[in-house]
Each structure stands twice: as C-alpha cells, then as structure tokens.
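Structure file protein_1.cif (mmCIF, C-alpha atoms and all ligand atoms) is printed below.
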```cif
data_start
#
loop_
_atom_site.label_atom_id
_atom_site.label_comp_id
_atom_site.auth_asym_id
_atom_site.auth_seq_id
_atom_site.Cartn_x
_atom_site.Cartn_y
_atom_site.Cartn_z
CA MET A 1 214.99 -24.88 -14.95
CA ARG A 2 211.89 -25.63 -16.91
CA PRO A 3 211.52 -29.06 -18.39
CA GLN A 4 212.23 -29.16 -22.09
CA GLY A 5 209.27 -30.23 -24.20
CA SER A 6 209.71 -32.78 -26.95
CA THR A 7 209.24 -30.05 -29.58
CA GLY A 8 211.96 -27.98 -27.94
CA GLU A 9 209.49 -25.14 -27.57
CA LEU A 10 210.33 -24.69 -23.96
CA ALA A 11 214.08 -24.49 -24.36
CA SER A 12 214.91 -21.11 -22.82
CA ASP A 13 215.91 -18.16 -25.00
CA TRP A 14 219.35 -18.27 -23.45
CA SER A 15 219.97 -21.92 -24.18
CA LEU A 16 218.83 -21.36 -27.76
CA LEU A 17 221.05 -18.30 -28.08
CA GLU A 18 224.03 -20.29 -26.86
CA ARG A 19 223.36 -22.75 -29.65
CA VAL A 20 223.03 -19.91 -32.17
CA VAL A 21 226.49 -18.70 -31.11
CA ARG A 22 227.72 -22.15 -32.17
CA LYS A 23 225.93 -21.63 -35.52
CA ASP A 24 223.09 -24.04 -34.89
CA GLU A 25 220.42 -23.19 -37.47
CA GLU A 26 217.76 -25.21 -35.69
CA ALA A 27 218.12 -23.05 -32.60
CA LEU A 28 217.68 -19.89 -34.67
CA SER A 29 214.66 -21.48 -36.29
CA ALA A 30 213.15 -22.11 -32.84
CA LEU A 31 213.74 -18.47 -31.80
CA TYR A 32 212.26 -17.31 -35.07
CA ASP A 33 209.15 -19.42 -34.56
CA ARG A 34 208.87 -18.04 -31.05
CA TYR A 35 209.11 -14.33 -31.81
CA SER A 36 208.59 -13.68 -35.53
CA GLY A 37 204.83 -13.14 -35.20
CA LEU A 38 205.21 -10.57 -32.42
CA VAL A 39 208.01 -8.71 -34.18
CA TYR A 40 206.29 -8.73 -37.55
CA SER A 41 202.93 -7.59 -36.20
CA GLU A 42 204.55 -4.72 -34.33
CA ALA A 43 206.58 -3.52 -37.32
CA LYS A 44 203.56 -3.80 -39.58
CA ARG A 45 201.39 -1.82 -37.17
CA ILE A 46 203.96 1.00 -37.23
CA LEU A 47 204.79 1.01 -40.93
CA ARG A 48 201.52 -0.33 -42.38
CA ASP A 49 203.64 -1.92 -45.09
CA THR A 50 204.08 -5.67 -45.43
CA GLY A 51 207.39 -5.55 -47.32
CA ALA A 52 209.01 -3.11 -44.91
CA ALA A 53 207.85 -5.13 -41.90
CA GLU A 54 209.20 -8.31 -43.48
CA GLU A 55 212.54 -6.67 -44.03
CA ILE A 56 212.82 -5.55 -40.41
CA LEU A 57 211.84 -9.00 -39.23
CA GLN A 58 214.42 -10.73 -41.39
CA ASP A 59 217.17 -8.25 -40.57
CA LEU A 60 216.66 -8.65 -36.84
CA PHE A 61 216.95 -12.40 -36.95
CA TYR A 62 219.88 -12.12 -39.29
CA GLN A 63 221.52 -9.84 -36.73
CA ILE A 64 220.89 -12.40 -34.01
CA TRP A 65 222.54 -15.02 -36.20
CA ARG A 66 225.59 -12.85 -36.86
CA THR A 67 226.03 -11.40 -33.41
CA ALA A 68 224.43 -13.85 -30.98
CA GLU A 69 227.53 -13.74 -28.80
CA ARG A 70 226.85 -10.07 -28.03
CA PHE A 71 223.56 -10.87 -26.35
CA ASP A 72 223.92 -11.78 -22.75
CA GLU A 73 221.69 -11.76 -19.77
CA ALA A 74 222.97 -8.31 -18.87
CA ARG A 75 221.12 -7.04 -21.89
CA GLY A 76 217.90 -8.32 -20.40
CA SER A 77 215.14 -10.21 -22.13
CA LEU A 78 215.62 -11.32 -25.73
CA GLY A 79 211.90 -11.05 -26.43
CA GLY A 80 211.90 -7.54 -24.97
CA TRP A 81 214.98 -6.59 -26.92
CA LEU A 82 213.40 -7.81 -30.17
CA LEU A 83 210.24 -5.79 -29.56
CA VAL A 84 212.20 -2.64 -28.75
CA ALA A 85 214.60 -3.11 -31.65
CA ALA A 86 211.76 -3.72 -34.11
CA ARG A 87 209.97 -0.63 -32.85
CA ASN A 88 213.07 1.55 -33.12
CA ARG A 89 213.87 0.39 -36.63
CA ALA A 90 210.31 0.80 -37.82
CA ILE A 91 210.08 4.28 -36.28
CA SER A 92 213.35 5.46 -37.74
CA ARG A 93 212.13 4.27 -41.12
CA LEU A 94 208.82 6.01 -40.65
CA ARG A 95 210.48 9.25 -39.66
CA ARG A 96 212.99 9.09 -42.49
CA LYS A 97 209.98 9.34 -44.77
CA THR A 98 209.01 12.55 -43.04
CA GLY A 99 212.53 13.95 -43.13
CA LYS A 100 213.71 13.08 -39.63
CA THR A 101 216.72 10.85 -39.51
CA GLU A 102 217.79 10.51 -35.90
CA GLU A 103 219.55 7.28 -35.07
CA LEU A 104 217.70 5.32 -32.44
CA LYS A 105 219.64 2.95 -30.27
CA GLU A 106 218.69 -0.20 -28.47
CA ASN A 107 220.04 -1.07 -25.10
CA GLY A 108 219.10 -3.35 -22.28
CA VAL A 109 215.45 -4.23 -21.99
CA GLY A 110 214.10 -5.62 -18.76
CA LEU A 111 210.96 -7.65 -19.21
CA ARG A 112 209.48 -9.22 -16.14
CA VAL A 113 206.88 -11.22 -17.99
CA ASP A 114 207.36 -14.58 -19.66
CA LEU A 115 207.23 -14.52 -23.43
CA GLU A 116 209.00 -17.78 -24.08
CA SER A 117 206.09 -20.16 -24.36
CA ARG A 118 203.22 -19.89 -26.77
CA THR A 119 200.73 -20.20 -23.92
CA ALA A 120 202.33 -17.37 -21.95
CA GLN A 121 202.41 -15.21 -25.08
CA ASN A 122 198.75 -15.78 -25.81
CA LEU A 123 197.77 -14.99 -22.26
CA LEU A 124 199.79 -11.79 -22.33
CA LEU A 125 198.45 -10.71 -25.71
CA GLU A 126 194.96 -11.04 -24.33
CA LYS A 127 195.80 -9.11 -21.16
CA VAL A 128 197.48 -6.22 -22.98
CA ARG A 129 194.62 -5.95 -25.45
CA GLY A 130 192.23 -5.86 -22.50
CA VAL A 131 194.18 -3.09 -20.77
CA MET A 132 194.38 -1.04 -23.96
CA GLN A 133 190.66 -1.34 -24.53
CA GLU A 134 189.86 -0.19 -21.04
CA LEU A 135 192.20 2.80 -21.01
CA PRO A 136 190.48 6.18 -21.25
CA GLU A 137 190.50 7.25 -24.90
CA GLY A 138 192.92 10.16 -24.34
CA GLN A 139 195.45 7.95 -22.57
CA ARG A 140 195.35 5.27 -25.21
CA GLU A 141 195.71 7.84 -27.97
CA ALA A 142 198.73 9.44 -26.29
CA VAL A 143 200.69 6.20 -25.79
CA GLU A 144 199.81 4.97 -29.26
CA LEU A 145 200.93 8.18 -30.94
CA ALA A 146 204.22 7.97 -29.05
CA TYR A 147 204.97 4.28 -29.38
CA PHE A 148 203.55 3.50 -32.82
CA GLU A 149 203.82 6.84 -34.60
CA GLY A 150 207.06 8.02 -32.99
CA MET A 151 205.61 11.35 -31.88
CA SER A 152 207.15 13.32 -29.04
CA HIS A 153 204.98 14.66 -26.22
CA THR A 154 205.11 18.14 -27.74
CA GLU A 155 204.00 16.81 -31.12
CA ILE A 156 201.17 14.89 -29.46
CA ALA A 157 200.11 18.03 -27.58
CA GLU A 158 200.04 19.94 -30.86
CA LYS A 159 198.14 17.25 -32.69
CA THR A 160 195.52 16.74 -30.01
CA GLY A 161 195.29 20.37 -28.91
CA GLN A 162 195.86 19.36 -25.27
CA PRO A 163 198.31 21.05 -22.89
CA LEU A 164 201.74 19.41 -22.69
CA GLY A 165 201.24 18.64 -19.00
CA THR A 166 198.06 16.72 -19.78
CA ILE A 167 199.82 14.60 -22.39
CA LYS A 168 202.64 13.74 -19.97
CA THR A 169 200.13 12.78 -17.31
CA ARG A 170 198.13 10.66 -19.73
CA ILE A 171 201.18 8.73 -20.87
CA ARG A 172 202.30 8.17 -17.31
CA SER A 173 198.86 7.05 -16.17
CA ALA A 174 198.52 4.65 -19.09
CA MET A 175 201.89 3.08 -18.36
CA GLU A 176 201.07 2.79 -14.67
CA THR A 177 197.85 0.96 -15.49
CA LEU A 178 199.73 -1.41 -17.78
CA LYS A 179 202.30 -2.06 -15.07
CA ARG A 180 199.65 -2.61 -12.40
CA VAL A 181 197.71 -5.13 -14.47
CA LEU A 182 200.70 -7.02 -15.83
CA GLY A 183 202.92 -6.84 -12.77
CA MET B 1 216.84 16.28 -14.72
CA THR B 2 215.14 16.43 -11.37
CA ASN B 3 215.27 13.80 -8.66
CA GLY B 4 218.72 14.81 -7.35
CA GLY B 5 220.57 14.55 -10.66
CA HIS B 6 218.97 11.22 -11.55
CA ILE B 7 216.33 10.69 -14.22
CA SER B 8 212.82 11.20 -12.83
CA ALA B 9 210.18 8.49 -13.10
CA GLU B 10 208.22 10.61 -15.56
CA GLU B 11 211.26 11.15 -17.77
CA LEU B 12 212.01 7.43 -17.70
CA THR B 13 208.50 6.61 -18.85
CA LEU B 14 208.49 9.25 -21.59
CA LEU B 15 211.89 8.14 -22.81
CA ALA B 16 210.88 4.47 -22.89
CA VAL B 17 207.60 5.08 -24.69
CA GLY B 18 209.41 7.20 -27.26
CA ALA B 19 207.66 10.44 -26.35
CA MET B 20 210.74 12.36 -25.23
CA PRO B 21 211.71 15.00 -27.79
CA GLU B 22 214.95 14.01 -29.46
CA GLU B 23 216.85 17.06 -28.19
CA HIS B 24 216.45 15.85 -24.58
CA CYS B 25 217.20 12.19 -25.25
CA ALA B 26 220.95 12.32 -25.67
CA ALA B 27 221.63 13.73 -22.20
CA LEU B 28 219.22 11.30 -20.53
CA ARG B 29 220.66 8.30 -22.37
CA ALA B 30 224.18 9.41 -21.53
CA HIS B 31 223.24 9.57 -17.87
CA ALA B 32 221.57 6.14 -18.02
CA ALA B 33 224.71 4.70 -19.60
CA GLU B 34 226.83 5.99 -16.70
CA CYS B 35 224.45 5.56 -13.78
CA VAL B 36 223.79 1.92 -12.89
CA ASP B 37 220.62 2.79 -11.05
CA CYS B 38 219.05 4.84 -13.83
CA GLY B 39 220.30 2.36 -16.45
CA ALA B 40 218.45 -0.48 -14.73
CA LYS B 41 215.31 1.63 -14.30
CA LEU B 42 215.38 2.63 -17.95
CA ALA B 43 215.79 -1.00 -19.05
CA GLU B 44 212.76 -1.88 -17.00
CA ALA B 45 210.74 1.05 -18.37
CA ARG B 46 211.65 -0.05 -21.89
CA GLY B 47 210.38 -3.53 -21.12
CA GLN B 48 207.11 -2.05 -19.86
CA ALA B 49 206.75 0.08 -22.97
CA ALA B 50 207.50 -2.89 -25.23
CA LEU B 51 204.38 -4.56 -23.88
CA LEU B 52 202.39 -1.99 -25.86
CA ALA B 53 203.47 -3.92 -28.92
CA LEU B 54 201.47 -6.89 -27.68
CA GLY B 55 198.26 -4.93 -27.98
CA VAL B 56 198.30 -4.90 -31.78
CA ALA B 57 196.53 -7.31 -34.12
CA GLN B 58 198.71 -10.38 -34.51
CA GLU B 59 199.68 -11.52 -37.96
CA LYS B 60 201.96 -14.28 -39.15
CA PRO B 61 204.70 -13.35 -41.55
CA ALA B 62 204.75 -15.17 -44.90
CA ALA B 63 206.65 -18.46 -44.85
CA THR B 64 208.92 -17.20 -47.62
CA ILE B 65 210.53 -14.74 -45.18
CA LYS B 66 211.88 -17.54 -43.06
CA ALA B 67 213.00 -19.45 -46.15
CA GLU B 68 214.86 -16.36 -47.37
CA LEU B 69 216.45 -15.77 -43.98
CA PHE B 70 217.90 -19.25 -43.99
CA ALA B 71 218.87 -19.00 -47.66
CA ARG B 72 220.72 -15.81 -46.80
CA ILE B 73 222.46 -17.48 -43.88
CA ARG B 74 223.43 -20.54 -45.91
CA ALA B 75 224.66 -18.49 -48.82
CA GLU B 76 226.82 -16.54 -46.46
CA ARG B 77 228.24 -19.60 -44.79
CA GLU B 78 229.22 -20.91 -48.21
CA GLN B 79 230.64 -17.54 -49.05
CA GLU B 80 232.76 -17.49 -45.94
CA GLU B 81 234.11 -20.91 -46.78
CA MET B 82 234.89 -19.75 -50.27
CA TYR B 83 236.66 -16.59 -49.21
CA ARG B 84 238.80 -18.21 -46.56
CA TRP B 85 241.82 -17.62 -48.72
CA PRO B 86 245.10 -15.80 -48.23
CA ALA B 87 244.43 -12.25 -49.46
CA LYS B 88 246.81 -9.68 -50.78
CA SER B 89 246.88 -6.28 -49.13
CA GLY B 90 243.72 -4.28 -49.86
CA GLU B 91 245.49 -1.66 -51.95
CA GLU B 92 247.15 -4.16 -54.26
CA ALA B 93 244.06 -6.26 -54.63
CA ALA B 94 241.82 -3.32 -55.44
CA HIS B 95 243.96 -2.41 -58.41
CA ALA B 96 244.35 -5.89 -59.82
CA PRO B 97 241.20 -5.99 -61.97
CA ALA B 98 241.80 -2.55 -63.48
CA ARG B 99 245.19 -3.57 -64.78
CA LYS B 100 243.75 -6.73 -66.26
CA SER B 101 240.82 -5.05 -67.92
CA ARG B 102 243.06 -2.72 -69.90
CA ARG B 103 244.35 -5.73 -71.75
CA GLY B 104 240.88 -6.34 -73.11
CA TRP B 105 238.76 -9.34 -72.30
CA SER B 106 240.69 -11.78 -70.22
CA LEU B 107 239.82 -13.86 -67.26
CA VAL B 108 240.31 -12.16 -63.95
CA PRO B 109 242.46 -14.62 -62.04
CA VAL B 110 240.45 -16.36 -59.41
CA ALA B 111 242.90 -15.46 -56.66
CA ALA B 112 242.76 -11.76 -57.52
CA ALA B 113 238.98 -11.70 -57.54
CA LEU B 114 238.92 -13.50 -54.22
CA ALA B 115 241.37 -11.00 -52.81
CA ILE B 116 239.06 -8.15 -53.77
CA ALA B 117 236.19 -9.90 -52.18
CA THR B 118 238.03 -10.37 -48.92
CA THR B 119 238.73 -6.66 -48.67
CA TRP B 120 235.05 -6.01 -48.53
CA GLU B 121 233.68 -4.85 -45.25
CA TRP B 122 231.51 -7.37 -43.53
CA LYS B 123 228.76 -4.77 -43.49
CA GLU B 124 228.89 -4.51 -47.23
CA ASN B 125 228.46 -8.25 -47.55
CA GLN B 126 225.56 -8.15 -45.21
CA ARG B 127 223.97 -5.32 -47.15
CA MET B 128 224.24 -7.12 -50.47
CA ALA B 129 222.84 -10.31 -49.05
CA GLY B 130 219.99 -8.22 -47.71
CA GLU B 131 219.48 -6.57 -51.07
CA LEU B 132 219.16 -9.92 -52.73
CA ALA B 133 216.74 -11.17 -50.12
CA SER B 134 214.68 -8.00 -50.41
CA ALA B 135 214.76 -8.07 -54.17
CA ASN B 136 213.34 -11.51 -53.81
CA HIS B 137 210.48 -10.12 -51.69
CA GLN B 138 209.82 -7.62 -54.38
CA ILE B 139 209.48 -10.32 -57.01
CA VAL B 140 207.25 -12.34 -54.78
CA LYS B 141 205.01 -9.33 -54.28
CA MET B 142 205.02 -7.81 -57.70
CA THR B 143 204.40 -10.83 -59.84
CA ASN B 144 201.34 -12.95 -59.82
CA GLU B 145 203.29 -15.84 -61.19
CA ARG B 146 203.31 -17.71 -57.99
CA GLN B 147 205.19 -20.59 -59.53
CA ARG B 148 208.03 -18.32 -60.51
CA ALA B 149 208.22 -16.99 -56.98
CA GLU B 150 208.29 -20.49 -55.62
CA MET B 151 210.95 -21.49 -58.11
CA LEU B 152 213.06 -18.54 -57.01
CA VAL B 153 212.77 -19.23 -53.32
CA ASP B 154 213.52 -22.86 -54.01
CA LEU B 155 216.51 -21.93 -56.15
CA LEU B 156 217.85 -19.45 -53.63
CA SER B 157 217.63 -21.92 -50.79
CA SER B 158 218.87 -24.93 -52.75
CA PRO B 159 222.13 -26.33 -51.31
CA ASP B 160 223.63 -26.62 -54.79
CA THR B 161 223.10 -22.96 -55.64
CA VAL B 162 226.34 -21.05 -55.25
CA SER B 163 226.55 -17.35 -54.42
CA VAL B 164 229.11 -15.08 -55.95
CA ARG B 165 229.59 -11.49 -54.96
CA LEU B 166 230.65 -9.21 -57.75
CA ALA B 167 233.24 -6.60 -56.90
CA ALA B 168 233.56 -3.34 -58.75
CA ALA B 169 236.49 -2.15 -60.77
CA PRO B 170 237.85 0.90 -58.86
CA GLU B 171 236.65 3.49 -61.38
CA THR B 172 233.05 2.29 -61.18
CA GLN B 173 232.69 2.40 -57.41
CA PRO B 174 230.36 2.40 -55.65
CA SER B 175 228.94 -0.54 -57.54
CA ALA B 176 228.33 -4.08 -56.46
CA GLY B 177 226.41 -7.13 -57.41
CA MET B 178 225.53 -10.60 -56.35
CA VAL B 179 224.97 -13.72 -58.39
CA ARG B 180 223.33 -16.96 -57.40
CA TYR B 181 224.12 -19.77 -59.79
CA ASN B 182 222.74 -23.26 -59.95
CA ALA B 183 224.73 -25.29 -62.49
CA LYS B 184 222.46 -28.32 -62.36
CA ARG B 185 219.41 -26.30 -63.25
CA GLY B 186 221.23 -23.89 -65.53
CA MET B 187 219.77 -20.92 -63.65
CA VAL B 188 221.38 -17.59 -62.85
CA VAL B 189 219.75 -15.04 -60.56
CA TYR B 190 221.47 -11.76 -59.95
CA THR B 191 221.16 -8.31 -58.55
CA ALA B 192 223.43 -5.34 -59.18
CA GLU B 193 223.79 -1.76 -58.11
CA LEU B 194 225.28 0.23 -60.96
CA PRO B 195 225.10 3.79 -62.26
CA ALA B 196 222.58 4.55 -65.02
CA LEU B 197 223.92 4.35 -68.57
CA PRO B 198 223.28 6.50 -71.65
CA ALA B 199 220.37 5.26 -73.79
CA ASP B 200 222.61 3.56 -76.35
CA LYS B 201 224.38 1.41 -73.73
CA ILE B 202 223.30 -1.52 -71.60
CA TYR B 203 224.83 -3.79 -68.95
CA GLN B 204 225.38 -7.42 -69.88
CA MET B 205 226.05 -10.29 -67.51
CA TRP B 206 228.49 -13.04 -68.52
CA LEU B 207 229.34 -16.47 -67.27
CA VAL B 208 232.93 -17.28 -67.97
CA PRO B 209 233.18 -21.07 -68.30
CA ALA B 210 236.24 -23.07 -67.33
CA THR B 211 236.76 -23.70 -71.03
CA GLY B 212 235.36 -21.87 -74.04
CA ALA B 213 233.91 -18.44 -74.71
CA PRO B 214 231.87 -16.35 -72.25
CA ILE B 215 228.13 -17.11 -72.16
CA SER B 216 225.61 -14.27 -71.96
CA ALA B 217 223.29 -14.28 -68.98
CA GLY B 218 221.22 -11.42 -70.31
CA ILE B 219 221.21 -7.65 -70.54
CA PHE B 220 219.85 -5.47 -67.78
CA ALA B 221 219.36 -1.85 -66.80
CA PRO B 222 219.28 -0.95 -63.11
CA GLY B 223 216.42 1.30 -62.06
CA PRO B 224 216.83 4.61 -60.25
CA HIS B 225 219.21 4.53 -57.28
CA GLY B 226 217.84 2.66 -54.32
CA THR B 227 215.41 0.45 -56.21
CA ARG B 228 216.04 -3.24 -56.07
CA GLN B 229 215.71 -5.54 -59.00
CA LEU B 230 216.38 -9.18 -59.55
CA TRP B 231 217.20 -10.58 -62.95
CA THR B 232 217.08 -14.21 -63.93
CA ALA B 233 218.55 -16.04 -66.90
CA GLU B 234 218.71 -19.56 -68.19
CA VAL B 235 222.09 -20.81 -69.33
CA PRO B 236 223.32 -24.20 -70.57
CA MET B 237 223.05 -26.73 -67.77
CA ASN B 238 226.10 -28.08 -65.95
CA THR B 239 228.42 -25.33 -67.13
CA GLU B 240 231.48 -25.17 -64.94
CA VAL B 241 231.88 -21.48 -64.25
CA LYS B 242 235.18 -19.83 -63.51
CA ALA B 243 233.94 -16.27 -63.11
CA PHE B 244 231.06 -13.88 -63.59
CA ALA B 245 231.45 -10.47 -65.12
CA VAL B 246 229.32 -7.50 -66.09
CA THR B 247 230.31 -5.40 -69.10
CA ILE B 248 228.93 -2.26 -70.72
CA GLU B 249 227.70 -3.05 -74.22
CA PRO B 250 225.72 -1.42 -77.02
CA ALA B 251 221.94 -1.39 -76.30
CA GLY B 252 220.47 -4.73 -77.27
CA GLY B 253 223.53 -6.65 -76.11
CA VAL B 254 226.22 -8.52 -77.97
CA ALA B 255 227.12 -12.17 -78.60
CA GLN B 256 230.56 -11.84 -77.08
CA PRO B 257 231.80 -9.20 -74.64
CA THR B 258 233.39 -6.11 -76.15
CA GLY B 259 233.04 -3.37 -73.58
CA PRO B 260 234.72 -2.60 -70.24
CA LYS B 261 234.12 -4.90 -67.30
CA VAL B 262 232.47 -3.08 -64.42
CA LEU B 263 231.86 -5.97 -62.03
CA VAL B 264 233.68 -9.24 -61.57
CA GLY B 265 233.47 -12.25 -59.28
CA ALA B 266 235.00 -15.70 -59.19
CA GLY B 267 232.61 -18.60 -59.66
ZN ZN A 301 221.01 8.23 -12.21
#
```
Have the structure of the file written as structure tokens, please.
Amino acid sequence: MRPQGSTGELASDWSLLERVVRKDEEALSALYDRYSGLVYSEAKRILRDTGAAEEILQDLFYQIWRTAERFDEARGSLGGWLLVAARNRAISRLRRKTGKTEELKENGVGLRVDLESRTAQNLLLEKVRGVMQELPEGQREAVELAYFEGMSHTEIAEKTGQPLGTIKTRIRSAMETLKRVLG
Amino acid sequence: MTNGGHISAEELTLLAVGAMPEEHCAALRAHAAECVDCGAKLAEARGQAALLALGVAQEKPAATIKAELFARIRAEREQEEMYRWPAKSGEEAAHAPARKSRRGWSLVPVAAALAIATTWEWKENQRMAGELASANHQIVKMTNERQRAEMLVDLLSSPDTVSVRLAAAPETQPSAGMVRYNAKRGMVVYTAELPALPADKIYQMWLVPATGAPISAGIFAPGPHGTRQLWTAEVPMNTEVKAFAVTIEPAGGVAQPTGPKVLVGAG
C-alpha cells in the first residue's frame, strides 16, 4: 500500500471508487481531478470540438458516480477504462456524423503502467510523446488514423494508397515499439 | 481466426487500436468474452492502445464542467429524495393528468405528479439531467455575457435551488422538461423538449403558487428537434411553488393560462 498524501492525491483509484459507491462526492472529485485532463484531451483530439469533449468528460464521470459498484478490479485499470471509454464514445460520435452508427463497447482494460499520481502521469505523457515522435511517419500515421479517426485497416490502406498488409504491419510495429519502451 | 481457434496477436492489436473492420469485430469480441485467455490478452492490448491517448496535447477542461457535474449530481440526489414516495401503478399514474386537464385549469395533485415522475425510467432522468447540463454549456459558449454564465452555474449548483422534472401528458409524448427553481432569488431556469407549434401558438411556463393564481415564467419556442435551449425567467421572490406547468397559448402569451397543459411537475 502506498502512503496516503495529505492532499489525498495518492489514495488509490480503488479506495476512491469504494468511497464513490458510498456516495462520497469528495472521492469523485479526487478521481475527476486525477483523470479529467487526460480524458478531455483525448476526446478533444478525436472530435476537435470543445463542447462535445466536455460532454463526454462529464458523462463518463457521471456514469462512475451512478454505477461505481459495477467497477471492480476484474475490469482492470480505472484510468485505462476511462481512456478507452472516452475514445469509444468520441469515435462513435465522430462516425455518426459520417453515417456509421455501430455501437462500441467497453470491457476490461489492463494497464500495466501507473496513472494514479500526477508525477507518474507526467512522466508517461512525456514518454509516449517521445515514442510517437520517433516512430517512422507511416507507422505513426496508421495508428493515429485508427485510434483517433476510427478508421479500419482497409480504410487506412485506401486513404494512404498502401497495401493492406503494409498497414497491418505498420500498426503492429508501432504498438510493439510502444510496448517495448513503456514496458 | 488463426492461432488454433484463438485470436492471433495481430488481430488482438488491430482490434484494440480500433483498426479491425466492424464486420470482423463481433466474432472476435464474442470469442474474447468466452475465452479467458483471449479476454485477458485483449484487455491488455486495449490498455496498450489506450496509451496512444497520452501522446496528444494536454488541455484542462473548463472549471464549469466540474461545477456542472456536481450540480447535476446534487440535483439528482435531491430529486431522488423528493420522489421517494409510494407510487401508483404506472398505467394509472400515466392517465391521471389527462383526466385532470379535461376539467380545465386545475392543480395537478402533487401525489399524482410524483407518481408520474416515479414511472420514468432512470435513463430518462439521466438524459434530462444531461440535457440541462449541456444546455448550460451551450449558454456558456454562445453568450459573451460572462456574468450571466457565472450566475447560471452558481444558480444551478446552489443548494437552495430545487429541480423539478416535468412529465408529459400522454397525448404529447415524447415530451419532457426540467425546471430549476430558486425561491430566494426568484429565478427559474428550464429546458423542455416539445414538438414545434403552428406560428400562432407558443408554449408558456407557469409557476403554480401554494396560494393564488399561476405566475407566468415566460413564453418559449423549442428549436428544431435535438437542439438544446435553456430559458430563464425572473419571478416574485420567495414564492412557495406547488407545481410547474407548460401550456399552449396564443403567440405572445397570456396573463393567465387558457390552453391545454402539455407538461407538469410538482414543485
Ligand atoms: Zn481464445
């Protein structure tokens, strides 16, 4: 167990979630302060729309408030879940605009890295940015089109004029690099 | 699927990054839901993919979003307190206001209005609370009157602002509304989802005080379906309100309600 700081910043996600289940607003506030920036920035990158990103952010934390008891360690990391859920919601909104309405679902998300403290977050942000900058252009483009634009590998192949096999390889290589650097 | 019936590493990565064409996803997800091994691998691949989100420029959301979130939560807690009431069966309750409204303007009994409210799906409640919060965003964004925005956020999060959900008379469904009322400040803020009216008609919001005649809280016309609007009105301070109601009136509004009630809620 990590020691709890006087500001409560180091209370673990799970201990805060347990308090949210008991309708403790302060605990929700602490989780919000911990993850709202990450969630908001991600949604805004995908939608390029402040209002829409704000809505996704608020709805996710509202969902945590209403259904905190449904989150358990079996579902994996809360930070990871939030990032995946924000991405899925933003993408389904983006695709609705273009006429595609598939329902995206969130399930367990295993995140091996620590996102709970501000320091760990900052370190990780820096590392990921570094990896992304150093990826070969084609690899970065492929993962970004998939993750942030919601494009399938066939759509990416069409858009970039590259063979499907190349796109698959690029995505896999990019993810392997990310995994290697971040552990 | 290769890899002896299991999901291959490449498929896992493509699925997690969101690059798998939708037509292949269902089968893979179904397998991951059944197969413990693939389920765990997929969860891990999702976590890896989520790290991509950390590569984007970091921005802080506006402070008003957090204020609204907590206003929404508090309003709902109050609401839940208020609706903890023995309800009639859904069928009976849903018809109560229609019968009353045929007798012209009369107060919808508080218990009947509460019964309607309790038949609402939780999801519906959540949606309306969301609408109000989003409508609030809209105001904050669209107006340069920063003070007004601040007043609204302050009003919405004030502990003495009460929230009242307006339920539709059966013939006007699907319609709904939500009112936030602060008696001390004499402020009413509301949002409503109602069908468009002919040009010579308008919706009018009423406060029904504990004693005396209904008080107008303004006329309003909802925009095209799906748009969110928030209306505000000043009313006499410290009015004890028994109910809120929306009626259809001649364009320009009237001093006292004459038309059919389309939304009602107990104050
Ligand atoms: Zn399997």
With a distance cut-off of 9 Å and all atoms listed in the file, select the neighbouring residues of Ser216 of chain B, excluding the residue or stretch itself and same-chain residues fewer than 2 positions from it, and output the selection as a list in words.
Gln204, Met205, Trp206, Leu207, Val208, Pro214, Gly218, Ile219, Ala233, Val235, Gly253, Val254, Ala255, Gln256 and Pro257 of chain B
Please provide as a PyMOL selection string all residues within 7 Å of Pro222 of chain B, with the sequence filter that same-chain residues fewer than 6 positions apart are discarded (counting all atoms listed in the file).
chain B and resi 193-194+196
Using all atoms listed in the file, find the residues of chain B whose closest atom to chain A is at most 10 Å away, then write them as a ChimeraX atom specification.
/B:9-22,25,29,33,39-62,64-66,68-70,72-74,77,126-127,130-131,133-134,137-138,141
Selection within 7 Å of ligand ZN 301 (chain A) by all atoms listed in the file, output as number ranges by chain
B: 5-7, 31-32, 35-38
For Arg170 of chain A, please output as a PyMOL selection string all residues within 10 Å (counting only C-alpha atoms; exclusion window: fewer than 4 positions along the same chain).
chain A and resi 135-143+164-166+174-176
Atoms to include: C-alpha atoms. Write the selected residues as a compact mmCIF listing (two decimals), keeping the file's coordinate frame.
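What ended up in part.txt:
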```
# COMPACT_ATOMS: atom_id res chain seq x y z
CA LEU A 135 192.20 2.80 -21.01
CA PRO A 136 190.48 6.18 -21.25
CA GLU A 137 190.50 7.25 -24.90
CA GLY A 138 192.92 10.16 -24.34
CA GLN A 139 195.45 7.95 -22.57
CA ARG A 140 195.35 5.27 -25.21
CA GLU A 141 195.71 7.84 -27.97
CA ALA A 142 198.73 9.44 -26.29
CA VAL A 143 200.69 6.20 -25.79
CA LEU A 164 201.74 19.41 -22.69
CA GLY A 165 201.24 18.64 -19.00
CA THR A 166 198.06 16.72 -19.78
CA ALA A 174 198.52 4.65 -19.09
CA MET A 175 201.89 3.08 -18.36
CA GLU A 176 201.07 2.79 -14.67
```
So how many Å separate atom CA of Val162 of chain B and atom CA of Val264 of chain B, to one decimal?
15.3 Å
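Atom pair atom CA of Asp13 of chain A / atom CA of Arg89 of chain A has a distance of 22.0 Å (rounded to one decimal).
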In terms of the shortest atom-to-atom distance over all atoms listed in the file, which of B:Ala30, B:Val164, B:Ala192, B:Ile202 is closest to Ala176 of chain B?
B:Ala192
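Atom CA of Ala199 of chain B to atom CA of Val179 of chain B spans 24.9 Å [interatomic distance, one decimal].
Using all atoms listed in the file for every distance, the candidate list B:Val189, B:Ala213, B:Ala221, B:Ala183 yields B:Ala183 as the residue closest to Pro236 of chain B.
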Distance cut-off 10 Å, centre (215.3, -21.0, -26.0) in file coordinates, counting all atoms listed in the file: which residues qualify? Return them as a ChimeraX atom specification.
/A:4,8-20,27-28,30-31,34,78,116-117
